[in-house]
Amino acid sequence: MMTLVLIVALVAALGTTRVCAADIGYLTSPGLPAKDFLPTRRPVAPIAGLSRSAWEHRDVLDEVGEVARLLELKPGMTVGDIGAGSGYYTVRLSNIVGPKGVVVAQDIMRDYLIELDRRTERLGLTNIIYALGEPHDPRLPASSLDAAILARMYHEITQPYAFLYNLAPALKPGARIGIVDFERPTSRHGTPIDLLRCELTAVDYAEIATYRLAGDGGYLAVFAPPQAGGRKPPRDIVACTDRVGFR
């Protein structure tokens, strides 16, 4: 299993040698299979295509800067951009964590990661690692992340209970997970905050705070991951229902 030490070594290597497309894959062995968990009981939004149409507006609102301040991100941290997509957060987090930090750009769409690698090469960013995941499992090494950000993608996770369960071991003690989304039904590419709280707490995450982001940026919900010895087994997880999400 790839450790954090190996990830950092790879980042150092990236300073002189770019990762080839063929090298983008899983960073660790799989966690628990999706069949061990109950399926979600609300709609799942389709994966959004790559788009940069709203980036300028989001930059005006300083979305990533605001999220980084609320999550207390600092230079030298290892931060996961979960569901990185076109890389809006990845690129900006690269500058926030600095040359001694690491951004782990994770996605289940390998083509997205390949395109993002090409883009970050053009930008000269060398502190980014690419991690392929599965819909039910981010496939990230144990104790590798100081923070994880799920930005505008939680409503696209087809197996949220398995995904959150398998994500937890990747978070270091004291790490935080920040979820950016909109207060609207999952079928309309948002997640009602009450539904989000229900699903996270069902997998033993503890809510820290919820913030309304500037302008029309939605909300940031911050949670602490469960302790390894304090997690309920998958068979005891009760799926949440959100009638609003069916509109």
# chains A, B, ... in the order shown; residues from 1 in each chain; ligands from 1
call {"tool": "residues_around", "arguments": {"residues": "Leu200 in chain A", "least_positions_apart": "3", "cutoff": "10 Å", "atoms": "only C-alpha atoms", "output": "VMD selection string"}}
result
chain A and resid 160 to 161 164 to 165 195 to 197 203 to 207 223 to 226 240
call {"tool": "write_last_selection", "arguments": {"atoms": "all heavy atoms", "output": "short mmCIF file (atom, residue, chain, number, x, y, z; two decimals), in the first residue's frame"}}
result
data_model
loop_
_atom_site.label_atom_id
_atom_site.label_comp_id
_atom_site.auth_asym_id
_atom_site.auth_seq_id
_atom_site.Cartn_x
_atom_site.Cartn_y
_atom_site.Cartn_z
N PRO A 160 -22.99 6.90 -1.23
CA PRO A 160 -22.41 7.81 -0.21
C PRO A 160 -21.96 7.11 1.06
O PRO A 160 -20.93 7.49 1.64
CB PRO A 160 -23.54 8.80 0.06
CG PRO A 160 -24.79 8.11 -0.39
CD PRO A 160 -24.37 7.25 -1.54
N TYR A 161 -22.67 6.09 1.53
CA TYR A 161 -22.29 5.45 2.80
C TYR A 161 -20.99 4.67 2.64
O TYR A 161 -20.08 4.76 3.47
CB TYR A 161 -23.42 4.55 3.29
CG TYR A 161 -24.73 5.31 3.39
CD1 TYR A 161 -25.76 5.08 2.47
CD2 TYR A 161 -24.91 6.28 4.37
CE1 TYR A 161 -26.94 5.80 2.54
CE2 TYR A 161 -26.09 7.00 4.44
CZ TYR A 161 -27.10 6.76 3.52
OH TYR A 161 -28.27 7.48 3.59
N LEU A 164 -18.07 7.37 2.07
CA LEU A 164 -17.65 8.04 3.30
C LEU A 164 -16.93 7.07 4.23
O LEU A 164 -15.95 7.43 4.90
CB LEU A 164 -18.86 8.65 4.00
CG LEU A 164 -19.52 9.83 3.28
CD1 LEU A 164 -20.87 10.15 3.91
CD2 LEU A 164 -18.61 11.05 3.32
N TYR A 165 -17.41 5.84 4.30
CA TYR A 165 -16.78 4.83 5.15
C TYR A 165 -15.35 4.55 4.69
O TYR A 165 -14.42 4.48 5.49
CB TYR A 165 -17.61 3.55 5.12
CG TYR A 165 -17.26 2.55 6.20
CD1 TYR A 165 -17.96 2.51 7.40
CD2 TYR A 165 -16.23 1.63 6.01
CE1 TYR A 165 -17.64 1.59 8.38
CE2 TYR A 165 -15.91 0.69 6.99
CZ TYR A 165 -16.62 0.68 8.18
OH TYR A 165 -16.30 -0.23 9.15
N LEU A 195 -30.22 16.63 4.96
CA LEU A 195 -29.88 15.34 4.37
C LEU A 195 -28.39 15.06 4.51
O LEU A 195 -27.98 13.94 4.85
CB LEU A 195 -30.29 15.30 2.90
CG LEU A 195 -29.84 14.08 2.10
CD1 LEU A 195 -30.46 12.80 2.65
CD2 LEU A 195 -30.18 14.25 0.62
N LEU A 196 -27.57 16.08 4.24
CA LEU A 196 -26.13 15.91 4.36
C LEU A 196 -25.76 15.51 5.79
O LEU A 196 -24.98 14.57 6.00
CB LEU A 196 -25.42 17.21 3.98
CG LEU A 196 -23.89 17.13 3.97
CD1 LEU A 196 -23.41 16.36 2.75
CD2 LEU A 196 -23.27 18.52 4.02
N ARG A 197 -26.32 16.20 6.76
CA ARG A 197 -26.03 15.87 8.17
C ARG A 197 -26.45 14.44 8.48
O ARG A 197 -25.72 13.71 9.16
CB ARG A 197 -26.77 16.84 9.09
CG ARG A 197 -26.20 18.25 9.10
CD ARG A 197 -27.12 19.20 9.82
NE ARG A 197 -26.55 20.54 9.91
CZ ARG A 197 -27.27 21.65 9.94
NH1 ARG A 197 -28.60 21.58 9.89
NH2 ARG A 197 -26.66 22.82 10.02
N VAL A 203 -22.65 7.60 9.17
CA VAL A 203 -21.36 6.92 9.02
C VAL A 203 -20.39 7.42 10.10
O VAL A 203 -19.17 7.29 9.96
CB VAL A 203 -20.79 7.12 7.60
CG1 VAL A 203 -19.69 6.13 7.29
CG2 VAL A 203 -21.89 6.96 6.56
N ASP A 204 -20.94 8.03 11.16
CA ASP A 204 -20.19 8.40 12.36
C ASP A 204 -19.26 9.59 12.20
O ASP A 204 -18.33 9.77 12.99
CB ASP A 204 -19.42 7.20 12.91
CG ASP A 204 -20.33 6.06 13.32
OD1 ASP A 204 -21.28 6.31 14.07
OD2 ASP A 204 -20.10 4.92 12.88
N TYR A 205 -19.50 10.43 11.19
CA TYR A 205 -18.80 11.71 11.13
C TYR A 205 -19.49 12.68 12.09
O TYR A 205 -20.71 12.62 12.28
CB TYR A 205 -18.84 12.29 9.72
CG TYR A 205 -17.92 11.62 8.72
CD1 TYR A 205 -18.19 10.34 8.24
CD2 TYR A 205 -16.78 12.26 8.25
CE1 TYR A 205 -17.35 9.72 7.32
CE2 TYR A 205 -15.94 11.65 7.32
CZ TYR A 205 -16.23 10.38 6.87
OH TYR A 205 -15.40 9.77 5.96
N ALA A 206 -18.71 13.59 12.68
CA ALA A 206 -19.24 14.55 13.64
C ALA A 206 -19.24 15.95 13.03
O ALA A 206 -18.20 16.42 12.53
CB ALA A 206 -18.42 14.54 14.92
N GLU A 207 -20.39 16.61 13.07
CA GLU A 207 -20.47 17.96 12.50
C GLU A 207 -19.71 18.95 13.37
O GLU A 207 -19.85 18.98 14.59
CB GLU A 207 -21.93 18.40 12.36
CG GLU A 207 -22.07 19.75 11.69
CD GLU A 207 -23.52 20.17 11.50
OE1 GLU A 207 -24.42 19.47 12.01
OE2 GLU A 207 -23.75 21.21 10.84
N PHE A 223 -16.91 18.60 8.87
CA PHE A 223 -17.11 17.43 9.73
C PHE A 223 -15.76 16.86 10.14
O PHE A 223 -14.76 17.01 9.43
CB PHE A 223 -17.89 16.34 8.99
CG PHE A 223 -19.33 16.68 8.71
CD1 PHE A 223 -19.67 17.46 7.62
CD2 PHE A 223 -20.34 16.21 9.54
CE1 PHE A 223 -20.99 17.77 7.35
CE2 PHE A 223 -21.67 16.53 9.28
CZ PHE A 223 -21.99 17.30 8.19
N ALA A 224 -15.75 16.19 11.28
CA ALA A 224 -14.60 15.42 11.73
C ALA A 224 -14.86 13.95 11.41
O ALA A 224 -15.98 13.46 11.58
CB ALA A 224 -14.38 15.60 13.23
N PRO A 225 -13.85 13.24 10.93
CA PRO A 225 -14.06 11.83 10.60
C PRO A 225 -14.19 10.99 11.85
O PRO A 225 -13.75 11.37 12.93
CB PRO A 225 -12.78 11.47 9.84
CG PRO A 225 -11.75 12.41 10.39
CD PRO A 225 -12.48 13.70 10.67
N PRO A 226 -14.79 9.82 11.72
CA PRO A 226 -14.92 8.92 12.87
C PRO A 226 -13.57 8.34 13.26
O PRO A 226 -12.67 8.21 12.44
CB PRO A 226 -15.86 7.83 12.36
CG PRO A 226 -15.66 7.83 10.88
CD PRO A 226 -15.39 9.25 10.50
N CYS A 240 -30.58 7.26 4.97
CA CYS A 240 -31.45 8.43 5.16
C CYS A 240 -32.39 8.57 3.96
O CYS A 240 -32.08 8.17 2.84
CB CYS A 240 -30.62 9.69 5.29
SG CYS A 240 -29.39 9.63 6.61
#
call {"tool": "closest_atom_pairs", "arguments": {"of": "range 10-116 of chain A", "to": "range 184-193 of chain A", "cutoff": "7 Å", "atoms": "only C-alpha atoms", "output": "Markdown table"}}
result
| residue | atom | partner | partner_atom | distance |
| --- | --- | --- | --- | --- |
| A:Pro43 | CA | A:Ser187 | CA | 5.6 |
| A:Val44 | CA | A:Thr186 | CA | 6.2 |
| A:Ala45 | CA | A:Ser187 | CA | 5.1 |
call {"tool": "residues_around", "arguments": {"residues": "Val79 in chain A", "least_positions_apart": "6", "cutoff": "10 Å", "atoms": "only C-alpha atoms", "output": "PDB file with N, CA and C atoms, in the first residue's frame"}}
result
ATOM      1  N   LEU A  73      -6.602  25.787   6.341  1.00  0.00           N
ATOM      2  CA  LEU A  73      -5.549  25.161   5.554  1.00  0.00           C
ATOM      3  C   LEU A  73      -4.285  26.008   5.628  1.00  0.00           C
ATOM      4  N   THR A  90      -8.199  22.171  -7.318  1.00  0.00           N
ATOM      5  CA  THR A  90      -6.835  21.645  -7.361  1.00  0.00           C
ATOM      6  C   THR A  90      -5.819  22.736  -7.665  1.00  0.00           C
ATOM      7  N   LEU A  93      -5.703  25.306  -4.740  1.00  0.00           N
ATOM      8  CA  LEU A  93      -5.140  24.715  -3.528  1.00  0.00           C
ATOM      9  C   LEU A  93      -3.635  24.514  -3.663  1.00  0.00           C
ATOM     10  N   SER A  94      -3.161  24.273  -4.873  1.00  0.00           N
ATOM     11  CA  SER A  94      -1.729  24.101  -5.093  1.00  0.00           C
ATOM     12  C   SER A  94      -0.952  25.294  -4.564  1.00  0.00           C
ATOM     13  N   ILE A  96      -2.076  27.433  -2.271  1.00  0.00           N
ATOM     14  CA  ILE A  96      -2.340  27.605  -0.840  1.00  0.00           C
ATOM     15  C   ILE A  96      -1.449  26.706   0.001  1.00  0.00           C
ATOM     16  N   VAL A  97      -1.273  25.444  -0.392  1.00  0.00           N
ATOM     17  CA  VAL A  97      -0.435  24.532   0.396  1.00  0.00           C
ATOM     18  C   VAL A  97       1.043  24.737   0.109  1.00  0.00           C
ATOM     19  N   GLY A 101       3.732  21.475   0.367  1.00  0.00           N
ATOM     20  CA  GLY A 101       2.464  20.793   0.543  1.00  0.00           C
ATOM     21  C   GLY A 101       2.138  19.931  -0.659  1.00  0.00           C
ATOM     22  N   VAL A 102       1.031  19.205  -0.546  1.00  0.00           N
ATOM     23  CA  VAL A 102       0.595  18.297  -1.600  1.00  0.00           C
ATOM     24  C   VAL A 102      -0.909  18.460  -1.804  1.00  0.00           C
ATOM     25  N   VAL A 103      -1.331  18.502  -3.052  1.00  0.00           N
ATOM     26  CA  VAL A 103      -2.747  18.394  -3.387  1.00  0.00           C
ATOM     27  C   VAL A 103      -2.956  17.039  -4.048  1.00  0.00           C
ATOM     28  N   VAL A 104      -3.851  16.253  -3.496  1.00  0.00           N
ATOM     29  CA  VAL A 104      -4.200  14.963  -4.095  1.00  0.00           C
ATOM     30  C   VAL A 104      -5.498  15.174  -4.879  1.00  0.00           C
ATOM     31  N   ALA A 105      -5.389  15.212  -6.202  1.00  0.00           N
ATOM     32  CA  ALA A 105      -6.553  15.385  -7.076  1.00  0.00           C
ATOM     33  C   ALA A 105      -7.138  14.005  -7.350  1.00  0.00           C
ATOM     34  N   ILE A 128       1.214  18.252  -7.169  1.00  0.00           N
ATOM     35  CA  ILE A 128      -0.087  17.604  -7.316  1.00  0.00           C
ATOM     36  C   ILE A 128       0.100  16.122  -7.632  1.00  0.00           C
ATOM     37  N   SER A 144      -3.304   9.816   5.101  1.00  0.00           N
ATOM     38  CA  SER A 144      -2.551  10.596   4.115  1.00  0.00           C
ATOM     39  C   SER A 144      -3.000  12.050   4.005  1.00  0.00           C
ATOM     40  N   LEU A 145      -4.188  12.400   4.514  1.00  0.00           N
ATOM     41  CA  LEU A 145      -4.745  13.728   4.284  1.00  0.00           C
ATOM     42  C   LEU A 145      -4.906  14.526   5.576  1.00  0.00           C
ATOM     43  N   ASP A 146      -4.494  15.799   5.516  1.00  0.00           N
ATOM     44  CA  ASP A 146      -4.783  16.742   6.601  1.00  0.00           C
ATOM     45  C   ASP A 146      -6.193  17.302   6.470  1.00  0.00           C
ATOM     46  N   ALA A 147      -6.714  17.315   5.268  1.00  0.00           N
ATOM     47  CA  ALA A 147      -8.077  17.794   5.007  1.00  0.00           C
ATOM     48  C   ALA A 147      -8.536  17.220   3.678  1.00  0.00           C
ATOM     49  N   ALA A 148      -9.851  17.067   3.544  1.00  0.00           N
ATOM     50  CA  ALA A 148     -10.455  16.635   2.283  1.00  0.00           C
ATOM     51  C   ALA A 148     -11.572  17.602   1.942  1.00  0.00           C
ATOM     52  N   ILE A 149     -11.628  18.009   0.688  1.00  0.00           N
ATOM     53  CA  ILE A 149     -12.666  18.932   0.222  1.00  0.00           C
ATOM     54  C   ILE A 149     -13.475  18.238  -0.868  1.00  0.00           C
ATOM     55  N   LEU A 171      -8.001   9.994   6.356  1.00  0.00           N
ATOM     56  CA  LEU A 171      -7.887  11.254   7.095  1.00  0.00           C
ATOM     57  C   LEU A 171      -7.068  11.057   8.362  1.00  0.00           C
ATOM     58  N   ALA A 175      -7.908  15.666  11.315  1.00  0.00           N
ATOM     59  CA  ALA A 175      -8.243  16.165   9.978  1.00  0.00           C
ATOM     60  C   ALA A 175      -9.711  16.563   9.904  1.00  0.00           C
ATOM     61  N   ARG A 176     -10.035  17.332   8.891  1.00  0.00           N
ATOM     62  CA  ARG A 176     -11.404  17.778   8.670  1.00  0.00           C
ATOM     63  C   ARG A 176     -11.800  17.508   7.229  1.00  0.00           C
ATOM     64  N   ILE A 177     -13.083  17.250   7.040  1.00  0.00           N
ATOM     65  CA  ILE A 177     -13.654  17.135   5.707  1.00  0.00           C
ATOM     66  C   ILE A 177     -14.591  18.318   5.505  1.00  0.00           C
TER      67      ILE A 177
END
call {"tool": "residues_around", "arguments": {"residues": "range 110-115 of chain A", "least_positions_apart": "4", "cutoff": "8 Å", "atoms": "only C-alpha atoms", "output": "CSV table (one decimal) with C-alpha atoms, in the first residue's frame"}}
result
chain,number,residue,atom,x,y,z
A,21,ALA,CA,-1.1,9.4,-18.4
A,24,ILE,CA,-2.6,7.7,-13.2
A,25,GLY,CA,-4.3,5.0,-11.3
A,50,LEU,CA,-16.0,19.6,-17.5
A,84,ALA,CA,-11.5,17.1,-8.7
A,85,GLY,CA,-13.2,17.2,-12.1
A,86,SER,CA,-11.8,20.1,-14.1
A,105,ALA,CA,-6.6,15.4,-7.1
A,106,GLN,CA,-8.9,12.4,-6.9
A,119,ARG,CA,-3.4,21.6,-17.6
A,130,TYR,CA,-3.5,12.2,-9.2
A,131,ALA,CA,-5.6,9.5,-7.7
A,132,LEU,CA,-8.1,7.4,-9.5
call {"tool": "atom_distance", "arguments": {"atom1": "CA of Glu199 in chain A", "atom2": "CA of Arg58 in chain A"}}
result
27.2 Å
call {"tool": "atom_distance", "arguments": {"atom1": "CA of Glu56 in chain A", "atom2": "CA of Arg92 in chain A"}}
result
12.7 Å
call {"tool": "select_by_dssp", "arguments": {"residues": "range 29-200 of chain A", "states": "alpha helix (DSSP H)", "output": "short mmCIF file (atom, residue, chain, number, x, y, z; two decimals) with C-alpha atoms, in the first residue's frame"}}
result
data_model
loop_
_atom_site.label_atom_id
_atom_site.label_comp_id
_atom_site.auth_asym_id
_atom_site.auth_seq_id
_atom_site.Cartn_x
_atom_site.Cartn_y
_atom_site.Cartn_z
CA TRP A 55 -14.72 30.15 -12.77
CA GLU A 56 -14.35 33.92 -13.09
CA HIS A 57 -17.44 34.51 -10.96
CA ARG A 58 -16.24 32.04 -8.33
CA ASP A 59 -12.87 33.79 -8.24
CA VAL A 60 -14.56 37.14 -7.69
CA GLU A 63 -14.63 30.74 -3.04
CA VAL A 64 -11.49 28.65 -2.57
CA GLY A 65 -9.85 31.28 -0.37
CA GLU A 66 -12.90 31.44 1.87
CA VAL A 67 -13.10 27.65 2.14
CA ALA A 68 -9.37 27.42 2.87
CA ARG A 69 -9.64 29.99 5.68
CA LEU A 70 -12.63 28.28 7.26
CA TYR A 88 -10.93 24.39 -10.12
CA TYR A 89 -9.97 23.64 -6.51
CA THR A 90 -6.83 21.64 -7.36
CA VAL A 91 -5.14 24.54 -9.13
CA ARG A 92 -5.94 27.06 -6.40
CA LEU A 93 -5.14 24.71 -3.53
CA SER A 94 -1.73 24.10 -5.09
CA ASN A 95 -0.78 27.70 -4.32
CA ILE A 96 -2.34 27.60 -0.84
CA VAL A 97 -0.43 24.53 0.40
CA ARG A 110 -9.58 8.91 -15.42
CA ASP A 111 -9.97 11.11 -18.52
CA TYR A 112 -10.63 14.08 -16.24
CA LEU A 113 -7.41 13.43 -14.32
CA ILE A 114 -5.40 13.10 -17.53
CA GLU A 115 -6.75 16.42 -18.81
CA LEU A 116 -6.08 18.05 -15.43
CA ASP A 117 -2.50 16.75 -15.46
CA ARG A 118 -1.97 18.34 -18.87
CA ARG A 119 -3.38 21.62 -17.62
CA THR A 120 -1.29 21.75 -14.45
CA GLU A 121 1.80 20.95 -16.52
CA ARG A 122 1.13 24.04 -18.63
CA LEU A 123 0.73 26.05 -15.41
CA PRO A 160 -22.41 7.81 -0.21
CA TYR A 161 -22.29 5.45 2.80
CA ALA A 162 -19.61 3.21 1.29
CA PHE A 163 -17.72 6.22 -0.04
CA LEU A 164 -17.65 8.04 3.30
CA TYR A 165 -16.78 4.83 5.15
CA ASN A 166 -13.84 4.14 2.84
CA LEU A 167 -12.71 7.78 2.89
CA ILE A 193 -28.15 20.42 4.61
CA ASP A 194 -30.40 18.23 6.77
CA LEU A 195 -29.88 15.34 4.37
CA LEU A 196 -26.13 15.91 4.36
CA ARG A 197 -26.03 15.87 8.17
CA CYS A 198 -28.08 12.68 8.25
CA GLU A 199 -25.83 10.84 5.79
CA LEU A 200 -22.56 11.96 7.40
#
call {"tool": "select_by_dssp", "arguments": {"residues": "range 15-231 of chain A", "states": "strand (DSSP E or B)", "output": "ChimeraX atom specification"}}
result
/A:41,78-82,102-107,128-132,134,137,145-151,171-181,206-212,219-224
call {"tool": "write_last_selection", "arguments": {"atoms": "C-alpha atoms", "output": "JSON list (two decimals), in the first residue's frame"}}
result
[["chain", "number", "residue", "atom", "x", "y", "z"],
["A", 41, "ARG", "CA", -32.54, 6.30, -0.88],
["A", 78, "THR", "CA", -1.67, 17.46, 2.22],
["A", 79, "VAL", "CA", -5.20, 18.25, 1.00],
["A", 80, "GLY", "CA", -7.46, 16.01, -1.04],
["A", 81, "ASP", "CA", -9.60, 17.55, -3.78],
["A", 82, "ILE", "CA", -12.17, 14.76, -3.90],
["A", 102, "VAL", "CA", 0.60, 18.30, -1.60],
["A", 103, "VAL", "CA", -2.75, 18.39, -3.39],
["A", 104, "VAL", "CA", -4.20, 14.96, -4.10],
["A", 105, "ALA", "CA", -6.55, 15.39, -7.08],
["A", 106, "GLN", "CA", -8.94, 12.44, -6.88],
["A", 107, "ASP", "CA", -11.69, 11.50, -9.31],
["A", 128, "ILE", "CA", -0.09, 17.60, -7.32],
["A", 129, "ILE", "CA", -0.69, 13.86, -7.16],
["A", 130, "TYR", "CA", -3.46, 12.22, -9.23],
["A", 131, "ALA", "CA", -5.57, 9.50, -7.66],
["A", 132, "LEU", "CA", -8.14, 7.39, -9.47],
["A", 134, "GLU", "CA", -14.23, 4.20, -7.60],
["A", 137, "ASP", "CA", -14.26, 4.12, -2.67],
["A", 145, "LEU", "CA", -4.74, 13.73, 4.28],
["A", 146, "ASP", "CA", -4.78, 16.74, 6.60],
["A", 147, "ALA", "CA", -8.08, 17.79, 5.01],
["A", 148, "ALA", "CA", -10.45, 16.64, 2.28],
["A", 149, "ILE", "CA", -12.67, 18.93, 0.22],
["A", 150, "LEU", "CA", -15.72, 17.70, -1.67],
["A", 151, "ALA", "CA", -16.74, 20.71, -3.74],
["A", 171, "LEU", "CA", -7.89, 11.25, 7.09],
["A", 172, "LYS", "CA", -5.24, 11.86, 9.74],
["A", 173, "PRO", "CA", -6.20, 12.37, 13.40],
["A", 174, "GLY", "CA", -7.50, 15.92, 13.70],
["A", 175, "ALA", "CA", -8.24, 16.16, 9.98],
["A", 176, "ARG", "CA", -11.40, 17.78, 8.67],
["A", 177, "ILE", "CA", -13.65, 17.14, 5.71],
["A", 178, "GLY", "CA", -15.28, 20.15, 4.06],
["A", 179, "ILE", "CA", -18.30, 19.72, 1.78],
["A", 180, "VAL", "CA", -19.30, 22.60, -0.49],
["A", 181, "ASP", "CA", -22.79, 22.32, -1.96],
["A", 206, "ALA", "CA", -19.24, 14.55, 13.64],
["A", 207, "GLU", "CA", -20.47, 17.96, 12.50],
["A", 208, "ILE", "CA", -18.13, 20.83, 13.41],
["A", 209, "ALA", "CA", -19.79, 23.83, 11.75],
["A", 210, "THR", "CA", -21.77, 24.98, 8.73],
["A", 211, "TYR", "CA", -21.03, 28.27, 6.96],
["A", 212, "ARG", "CA", -22.87, 30.17, 4.26],
["A", 219, "TYR", "CA", -22.57, 26.42, 1.98],
["A", 220, "LEU", "CA", -19.52, 24.79, 3.51],
["A", 221, "ALA", "CA", -20.24, 21.99, 6.00],
["A", 222, "VAL", "CA", -17.27, 20.86, 8.10],
["A", 223, "PHE", "CA", -17.11, 17.43, 9.73],
["A", 224, "ALA", "CA", -14.60, 15.42, 11.73]]
call {"tool": "closest_residue", "arguments": {"among": "A:Arg139, A:Ala202, A:Thr126, A:Lys74", "to": "Pro234 in chain A", "atoms": "only C-alpha atoms"}}
result
A:Ala202
call {"tool": "decode", "arguments": {"residues": "range 149-156 of chain A", "atoms": "all heavy atoms", "output": "CSV table (one decimal), in the first residue's frame"}}
result
chain,number,residue,atom,x,y,z
A,149,ILE,N,-11.6,18.0,0.7
A,149,ILE,CA,-12.7,18.9,0.2
A,149,ILE,C,-13.5,18.2,-0.9
A,149,ILE,O,-12.9,17.7,-1.8
A,149,ILE,CB,-12.1,20.2,-0.3
A,149,ILE,CG1,-11.3,21.0,0.8
A,149,ILE,CG2,-13.1,21.1,-0.9
A,149,ILE,CD1,-10.5,22.2,0.3
A,150,LEU,N,-14.8,18.2,-0.7
A,150,LEU,CA,-15.7,17.7,-1.7
A,150,LEU,C,-16.5,18.9,-2.2
A,150,LEU,O,-17.5,19.3,-1.5
A,150,LEU,CB,-16.6,16.6,-1.1
A,150,LEU,CG,-16.0,15.2,-0.8
A,150,LEU,CD1,-15.0,15.3,0.3
A,150,LEU,CD2,-17.1,14.2,-0.5
A,151,ALA,N,-16.2,19.5,-3.3
A,151,ALA,CA,-16.7,20.7,-3.7
A,151,ALA,C,-17.7,20.5,-4.9
A,151,ALA,O,-17.4,20.0,-5.9
A,151,ALA,CB,-15.7,21.7,-4.2
A,152,ARG,N,-19.0,20.8,-4.6
A,152,ARG,CA,-20.1,20.7,-5.6
A,152,ARG,C,-20.2,19.4,-6.3
A,152,ARG,O,-20.5,19.3,-7.5
A,152,ARG,CB,-19.9,21.8,-6.6
A,152,ARG,CG,-19.8,23.3,-6.0
A,152,ARG,CD,-19.8,24.3,-7.1
A,152,ARG,NE,-19.7,25.7,-6.5
A,152,ARG,CZ,-19.9,26.8,-7.2
A,152,ARG,NH1,-20.3,26.7,-8.5
A,152,ARG,NH2,-19.8,27.9,-6.7
A,153,MET,N,-19.9,18.3,-5.5
A,153,MET,CA,-20.0,17.0,-6.1
A,153,MET,C,-20.6,15.9,-5.2
A,153,MET,O,-20.9,14.8,-5.7
A,153,MET,CB,-18.6,16.5,-6.5
A,153,MET,CG,-17.5,16.5,-5.4
A,153,MET,SD,-17.7,15.2,-4.2
A,153,MET,CE,-17.3,13.8,-5.1
A,154,TYR,N,-20.9,16.3,-4.0
A,154,TYR,CA,-21.4,15.2,-3.1
A,154,TYR,C,-22.7,14.6,-3.6
A,154,TYR,O,-22.9,13.4,-3.5
A,154,TYR,CB,-21.7,15.8,-1.7
A,154,TYR,CG,-22.2,14.8,-0.7
A,154,TYR,CD1,-21.3,14.0,0.0
A,154,TYR,CD2,-23.5,14.6,-0.5
A,154,TYR,CE1,-21.7,13.1,0.9
A,154,TYR,CE2,-24.0,13.6,0.4
A,154,TYR,CZ,-23.1,12.9,1.1
A,154,TYR,OH,-23.5,11.9,2.0
A,155,HIS,N,-23.6,15.4,-4.3
A,155,HIS,CA,-24.8,14.9,-4.8
A,155,HIS,C,-24.6,13.9,-6.0
A,155,HIS,O,-25.6,13.3,-6.4
A,155,HIS,CB,-25.7,16.1,-5.3
A,155,HIS,CG,-24.9,17.1,-6.1
A,155,HIS,ND1,-24.3,18.2,-5.5
A,155,HIS,CD2,-24.6,17.1,-7.4
A,155,HIS,CE1,-23.6,18.9,-6.5
A,155,HIS,NE2,-23.8,18.2,-7.6
A,156,GLU,N,-23.4,13.8,-6.5
A,156,GLU,CA,-23.1,12.9,-7.6
A,156,GLU,C,-22.6,11.5,-7.1
A,156,GLU,O,-22.3,10.6,-7.9
A,156,GLU,CB,-22.1,13.5,-8.5
A,156,GLU,CG,-22.6,14.8,-9.2
A,156,GLU,CD,-21.5,15.5,-10.0
A,156,GLU,OE1,-20.3,14.9,-10.1
A,156,GLU,OE2,-21.8,16.6,-10.6
